[in-house]
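Enquirer: I'd like to ask some things about the structure below.
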Amino acid sequence: MIDSDIKIKPVIHDRIVSKCEQIGFTMPSDIYVGTLLKTLVASKPCGDFLELGTGIGLSLSWMVEGMDDCGNIISIDNDPKLTEIVGQLFDLDTRVNILCQDGAEWIRNYTGEKFDLIFADAWPGKYSVLDEVLNLLKVGGIYVIDDMDEQPNWPEGHAEKANQLVETLEGKKNFSLTKMNWSTGIILMTKLK
């Protein structure tokens with residue numbers, strides 16, 4: 001039986017939840033997505049990871065919890081208020097690099113190493129520059145998106161965009177895809193070649 005109350009959370013988790021309440025942040029990541037990300041990250045020793053959409057840092061906290069000492073993560077958001085808060089929360093962790101900039105622009109200009117896992121929790125890398133972000137995955141790398149089940153805060157017409165995205169992803173060659181009607185609706189894709 002799955003326990004609905006997650007007992008083992010990242011050390012920083014409660015501080016982030018408190019910060020959410022303090023600033024009125026209303027879009028924190030689902031805790032189950034966090035546990036999944038931690039597990040997936042842990043499967044990639046000395047991995048390079050990318051998060052698109054830092055938000056308040058909840059998903060990031062789970063990813064960091066799954067990383068070993070030689071792992072690295074880049075997390076990008078275009079909201080300076082949020083990236084400043086998250087930067088302060090993770091400032092002592094040299095494995096974490098928080099960037100405040102336009103995600104699509106960053107993706108188009110990035111020339112560094114490819115990634116073992118990309119969590120796309122923002123428009124860029126999910127609804128825009130999709131091919132570019134998928135090209136940033138190593139062979140065997142994992143692409144993760146959430147919020148694929150209809151959410152109460154979706155604007156009119158977004159369900160159609162989500163359905164179109166699913167169709168696009170299903171048509172991608174050289175990827176193995178799994179859709180999960182779990183948490184907020186998850187899609188996992190592994191790059192085959």
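Here, A, B, ... name the chains of the structure tokens in the order displayed, residue numbers run from 1 inside each chain, and ligands are numbered from 1 in the same displayed order.
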Within 12 Å of Asn72 (chain A), counting only C-alpha atoms, which residues show up once you throw out same-chain ones fewer than 3 positions away? Write them as a short mmCIF file (atom, residue, chain, number, x, y, z; two decimals) with all heavy atoms, in the first residue's frame, please.

Expert:
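Just written: result_27.cif:
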data_model
loop_
_atom_site.label_atom_id
_atom_site.label_comp_id
_atom_site.auth_asym_id
_atom_site.auth_seq_id
_atom_site.Cartn_x
_atom_site.Cartn_y
_atom_site.Cartn_z
N VAL A 41 16.96 10.63 -10.78
CA VAL A 41 18.28 11.26 -10.67
C VAL A 41 19.27 10.30 -10.01
O VAL A 41 20.43 10.19 -10.45
CB VAL A 41 18.17 12.60 -9.89
CG1 VAL A 41 19.53 13.09 -9.42
CG2 VAL A 41 17.48 13.65 -10.75
N LYS A 44 21.41 7.93 -12.11
CA LYS A 44 22.43 8.49 -13.01
C LYS A 44 23.63 8.99 -12.20
O LYS A 44 23.76 10.19 -11.92
CB LYS A 44 21.83 9.65 -13.82
CG LYS A 44 20.60 9.29 -14.65
CD LYS A 44 20.96 8.41 -15.82
CE LYS A 44 19.76 8.19 -16.73
NZ LYS A 44 20.11 7.32 -17.85
N PRO A 45 24.52 8.09 -11.78
CA PRO A 45 25.69 8.52 -10.99
C PRO A 45 26.53 9.56 -11.74
O PRO A 45 26.71 9.46 -12.95
CB PRO A 45 26.49 7.22 -10.80
CG PRO A 45 25.51 6.12 -11.03
CD PRO A 45 24.51 6.65 -12.01
N CYS A 46 27.00 10.54 -11.00
CA CYS A 46 27.81 11.65 -11.56
C CYS A 46 27.09 12.30 -12.74
O CYS A 46 27.71 12.73 -13.72
CB CYS A 46 29.20 11.17 -11.97
SG CYS A 46 30.21 10.66 -10.58
N GLY A 47 25.77 12.39 -12.65
CA GLY A 47 24.96 12.87 -13.76
C GLY A 47 24.94 14.37 -13.90
O GLY A 47 25.24 15.12 -12.98
N ASP A 48 24.57 14.78 -15.11
CA ASP A 48 24.33 16.18 -15.43
C ASP A 48 22.83 16.34 -15.65
O ASP A 48 22.25 15.62 -16.48
CB ASP A 48 25.10 16.59 -16.69
CG ASP A 48 26.60 16.56 -16.46
OD1 ASP A 48 27.05 17.20 -15.49
OD2 ASP A 48 27.30 15.89 -17.23
N PHE A 49 22.22 17.28 -14.93
CA PHE A 49 20.77 17.41 -14.92
C PHE A 49 20.35 18.83 -15.26
O PHE A 49 21.08 19.79 -14.96
CB PHE A 49 20.22 17.00 -13.54
CG PHE A 49 20.70 15.65 -13.11
CD1 PHE A 49 21.73 15.52 -12.19
CD2 PHE A 49 20.15 14.51 -13.64
CE1 PHE A 49 22.21 14.28 -11.81
CE2 PHE A 49 20.61 13.25 -13.26
CZ PHE A 49 21.64 13.13 -12.35
N LEU A 50 19.17 18.95 -15.87
CA LEU A 50 18.63 20.25 -16.24
C LEU A 50 17.18 20.32 -15.79
O LEU A 50 16.39 19.41 -16.06
CB LEU A 50 18.70 20.45 -17.76
CG LEU A 50 18.05 21.70 -18.33
CD1 LEU A 50 18.71 22.98 -17.82
CD2 LEU A 50 18.09 21.66 -19.86
N GLU A 51 16.84 21.41 -15.10
CA GLU A 51 15.45 21.69 -14.73
C GLU A 51 15.05 22.98 -15.41
O GLU A 51 15.71 24.01 -15.24
CB GLU A 51 15.30 21.82 -13.22
CG GLU A 51 13.87 22.15 -12.82
CD GLU A 51 13.70 22.41 -11.33
OE1 GLU A 51 14.56 23.10 -10.73
OE2 GLU A 51 12.70 21.94 -10.77
N LEU A 60 13.43 20.93 -7.44
CA LEU A 60 14.88 21.00 -7.37
C LEU A 60 15.40 20.33 -6.10
O LEU A 60 16.39 19.60 -6.13
CB LEU A 60 15.33 22.46 -7.44
CG LEU A 60 16.83 22.72 -7.33
CD1 LEU A 60 17.59 22.07 -8.49
CD2 LEU A 60 17.10 24.22 -7.28
N MET A 63 15.48 16.66 -6.66
CA MET A 63 16.53 16.26 -7.60
C MET A 63 17.90 16.31 -6.92
O MET A 63 18.71 15.40 -7.07
CB MET A 63 16.48 17.17 -8.83
CG MET A 63 15.21 16.96 -9.66
SD MET A 63 15.03 18.14 -11.02
CE MET A 63 16.21 17.45 -12.20
N VAL A 64 18.13 17.37 -6.16
CA VAL A 64 19.39 17.51 -5.43
C VAL A 64 19.55 16.36 -4.43
O VAL A 64 20.64 15.81 -4.26
CB VAL A 64 19.48 18.89 -4.75
CG1 VAL A 64 20.63 18.96 -3.77
CG2 VAL A 64 19.60 19.99 -5.81
N GLU A 65 18.47 15.99 -3.79
CA GLU A 65 18.49 14.89 -2.82
C GLU A 65 18.90 13.58 -3.49
O GLU A 65 19.56 12.73 -2.88
CB GLU A 65 17.11 14.74 -2.17
CG GLU A 65 17.06 13.86 -0.98
CD GLU A 65 17.52 14.53 0.30
OE1 GLU A 65 17.80 15.76 0.32
OE2 GLU A 65 17.60 13.83 1.31
N GLY A 66 18.54 13.39 -4.75
CA GLY A 66 18.88 12.17 -5.48
C GLY A 66 20.28 12.16 -6.06
O GLY A 66 20.80 11.09 -6.40
N MET A 67 20.91 13.34 -6.17
CA MET A 67 22.24 13.43 -6.78
C MET A 67 23.32 12.93 -5.84
O MET A 67 23.24 13.10 -4.63
CB MET A 67 22.59 14.89 -7.13
CG MET A 67 22.06 15.35 -8.44
SD MET A 67 22.83 16.90 -9.00
CE MET A 67 22.69 18.00 -7.63
N ASP A 68 24.37 12.36 -6.43
CA ASP A 68 25.54 12.03 -5.64
C ASP A 68 26.48 13.24 -5.62
O ASP A 68 26.17 14.28 -6.19
CB ASP A 68 26.23 10.76 -6.16
CG ASP A 68 26.62 10.85 -7.63
OD1 ASP A 68 26.67 11.98 -8.18
OD2 ASP A 68 26.85 9.81 -8.23
N ASP A 69 27.62 13.09 -4.97
CA ASP A 69 28.52 14.22 -4.77
C ASP A 69 29.12 14.77 -6.06
O ASP A 69 29.54 15.93 -6.10
CB ASP A 69 29.65 13.85 -3.81
CG ASP A 69 29.16 13.68 -2.39
OD1 ASP A 69 28.06 14.18 -2.08
OD2 ASP A 69 29.87 13.04 -1.59
N SER A 75 19.35 24.81 -13.08
CA SER A 75 17.92 25.08 -12.97
C SER A 75 17.66 26.51 -13.46
O SER A 75 18.33 27.44 -13.02
CB SER A 75 17.44 24.90 -11.53
OG SER A 75 16.04 25.04 -11.45
N ASP A 93 25.47 24.79 -1.94
CA ASP A 93 25.62 23.55 -2.68
C ASP A 93 26.25 23.85 -4.04
O ASP A 93 25.60 24.37 -4.94
CB ASP A 93 24.26 22.86 -2.86
CG ASP A 93 24.40 21.42 -3.30
OD1 ASP A 93 25.38 21.10 -4.02
OD2 ASP A 93 23.53 20.61 -2.95
N THR A 94 27.52 23.53 -4.18
CA THR A 94 28.26 23.86 -5.41
C THR A 94 27.82 23.03 -6.60
O THR A 94 28.19 23.34 -7.74
CB THR A 94 29.78 23.68 -5.20
OG1 THR A 94 30.03 22.32 -4.80
CG2 THR A 94 30.30 24.63 -4.13
N ARG A 95 27.02 21.99 -6.38
CA ARG A 95 26.51 21.18 -7.48
C ARG A 95 25.35 21.85 -8.20
O ARG A 95 24.93 21.40 -9.26
CB ARG A 95 26.05 19.81 -6.96
CG ARG A 95 27.12 19.01 -6.25
CD ARG A 95 26.51 17.80 -5.55
NE ARG A 95 25.48 18.23 -4.60
CZ ARG A 95 24.55 17.43 -4.09
NH1 ARG A 95 24.51 16.16 -4.42
NH2 ARG A 95 23.66 17.90 -3.23
N VAL A 96 24.79 22.90 -7.61
CA VAL A 96 23.57 23.54 -8.10
C VAL A 96 23.89 24.90 -8.71
O VAL A 96 24.54 25.73 -8.09
CB VAL A 96 22.55 23.72 -6.94
CG1 VAL A 96 21.28 24.41 -7.43
CG2 VAL A 96 22.22 22.37 -6.31
N ASN A 97 23.39 25.12 -9.93
CA ASN A 97 23.57 26.39 -10.63
C ASN A 97 22.19 26.93 -11.02
O ASN A 97 21.51 26.34 -11.86
CB ASN A 97 24.44 26.17 -11.88
CG ASN A 97 24.81 27.46 -12.57
OD1 ASN A 97 24.55 28.55 -12.07
ND2 ASN A 97 25.40 27.34 -13.75
N ILE A 98 21.76 28.00 -10.35
CA ILE A 98 20.46 28.62 -10.60
C ILE A 98 20.67 29.77 -11.58
O ILE A 98 21.47 30.68 -11.32
CB ILE A 98 19.83 29.18 -9.30
CG1 ILE A 98 19.83 28.14 -8.18
CG2 ILE A 98 18.44 29.73 -9.57
CD1 ILE A 98 18.97 26.96 -8.39
N GLU A 113 27.89 20.21 -22.24
CA GLU A 113 27.65 18.77 -22.22
C GLU A 113 26.15 18.48 -22.27
O GLU A 113 25.33 19.25 -21.77
CB GLU A 113 28.22 18.16 -20.93
CG GLU A 113 29.73 18.23 -20.83
CD GLU A 113 30.41 17.35 -21.86
OE1 GLU A 113 29.97 16.20 -22.06
OE2 GLU A 113 31.39 17.83 -22.46
N LYS A 114 25.81 17.32 -22.83
CA LYS A 114 24.41 16.89 -22.85
C LYS A 114 24.02 16.39 -21.47
O LYS A 114 24.87 16.16 -20.60
CB LYS A 114 24.20 15.83 -23.93
CG LYS A 114 24.40 16.42 -25.33
CD LYS A 114 23.86 15.54 -26.40
CE LYS A 114 24.01 16.27 -27.74
NZ LYS A 114 23.16 15.70 -28.75
N PHE A 115 22.72 16.21 -21.27
CA PHE A 115 22.18 15.93 -19.94
C PHE A 115 21.70 14.48 -19.81
O PHE A 115 21.21 13.88 -20.76
CB PHE A 115 21.03 16.89 -19.63
CG PHE A 115 21.48 18.32 -19.54
CD1 PHE A 115 21.38 19.17 -20.63
CD2 PHE A 115 22.05 18.81 -18.38
CE1 PHE A 115 21.82 20.48 -20.56
CE2 PHE A 115 22.50 20.11 -18.29
CZ PHE A 115 22.38 20.95 -19.39
N ASP A 116 21.81 13.97 -18.58
CA ASP A 116 21.32 12.64 -18.25
C ASP A 116 19.82 12.65 -17.97
O ASP A 116 19.15 11.63 -18.14
CB ASP A 116 22.05 12.10 -17.01
CG ASP A 116 23.52 11.86 -17.30
OD1 ASP A 116 23.82 10.88 -18.00
OD2 ASP A 116 24.36 12.66 -16.85
N LEU A 117 19.31 13.78 -17.52
CA LEU A 117 17.88 13.92 -17.24
C LEU A 117 17.51 15.39 -17.39
O LEU A 117 18.25 16.27 -16.93
CB LEU A 117 17.54 13.44 -15.83
CG LEU A 117 16.06 13.54 -15.43
CD1 LEU A 117 15.66 12.35 -14.57
CD2 LEU A 117 15.75 14.83 -14.69
#

Enquirer: Which polymer residues have any atom within 10 Å of an atom of Ile145 (chain A), counting only C-alpha atoms, with same-chain residues fewer than 5 positions away left out, as a list in words?

Expert: Val33, Leu52, Ile118, Phe119, Ala120, Asp121, Ala122, Gly125, Lys126, Lys179, Thr184, Gly185, Ile186, Ile187, Leu188 and Met189 of chain A

Enquirer: Report the residues of region 61-169 of chain A whose backbone DSSP state falls under strand (DSSP E), written as a list in words.

Expert: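 DSSP on the backbone gives strand (DSSP E) at Asn72, Ile73, Ile74, Ser75, Ile76, Asp77, Val96, Asn97, Ile98, Leu99, Cys100, Phe115, Asp116, Leu117, Ile118, Phe119, Ala120, Leu137, Lys138, Val139, Gly140, Gly141, Ile142, Tyr143, Val144 and Ile145 of chain A.
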
Enquirer: Just the helix (DSSP H, G or I) stuff from chain A, please, per backbone DSSP, written as a ChimeraX atom specification.

Expert: /A:13-23,31-42,58-66,80-89,103-109,130-134,158-170

Enquirer: Cys100 (chain A): which residues within 7 Å, counting only C-alpha atoms, same-chain residues fewer than 4 positions away excluded, as a PDB file with N, CA, C and O atoms, in the first residue's frame?

Expert:
ATOM      1  N   ILE A  76      16.697  26.651 -14.365  1.00  0.00           N
ATOM      2  CA  ILE A  76      16.463  27.930 -15.041  1.00  0.00           C
ATOM      3  C   ILE A  76      15.029  28.396 -14.821  1.00  0.00           C
ATOM      4  O   ILE A  76      14.084  27.613 -14.956  1.00  0.00           O
ATOM      5  N   ASP A  77      14.884  29.671 -14.518  1.00  0.00           N
ATOM      6  CA  ASP A  77      13.574  30.304 -14.420  1.00  0.00           C
ATOM      7  C   ASP A  77      13.740  31.761 -14.842  1.00  0.00           C
ATOM      8  O   ASP A  77      14.825  32.329 -14.698  1.00  0.00           O
ATOM      9  N   ASN A  78      12.670  32.361 -15.342  1.00  0.00           N
ATOM     10  CA  ASN A  78      12.759  33.763 -15.787  1.00  0.00           C
ATOM     11  C   ASN A  78      12.241  34.753 -14.749  1.00  0.00           C
ATOM     12  O   ASN A  78      12.158  35.943 -15.021  1.00  0.00           O
ATOM     13  N   ASP A  79      11.908  34.263 -13.552  1.00  0.00           N
ATOM     14  CA  ASP A  79      11.388  35.133 -12.497  1.00  0.00           C
ATOM     15  C   ASP A  79      12.513  35.464 -11.514  1.00  0.00           C
ATOM     16  O   ASP A  79      12.929  34.610 -10.727  1.00  0.00           O
ATOM     17  N   PRO A  80      13.021  36.716 -11.540  1.00  0.00           N
ATOM     18  CA  PRO A  80      14.157  37.055 -10.677  1.00  0.00           C
ATOM     19  C   PRO A  80      13.851  36.934  -9.187  1.00  0.00           C
ATOM     20  O   PRO A  80      14.734  36.590  -8.396  1.00  0.00           O
ATOM     21  N   THR A  83      14.174  33.114  -8.491  1.00  0.00           N
ATOM     22  CA  THR A  83      15.549  32.607  -8.591  1.00  0.00           C
ATOM     23  C   THR A  83      16.433  33.162  -7.478  1.00  0.00           C
ATOM     24  O   THR A  83      17.348  32.478  -7.014  1.00  0.00           O
TER      25      THR A  83
END

Enquirer: With distances taken over only C-alpha atoms, which of A:Ser176, A:Ser183, A:Thr168, A:Ser61 is nearest to Tyr127 (chain A)?

Expert: A:Thr168

Enquirer: Which residues are close to Ser59 (chain A), i.e. within 9 Å by only C-alpha atoms, leaving aside same-chain residues fewer than 5 positions away? Reply as an MDAnalysis selection string.

Expert: chainID A and resid 28:31 33:35 37:38 51 54 64
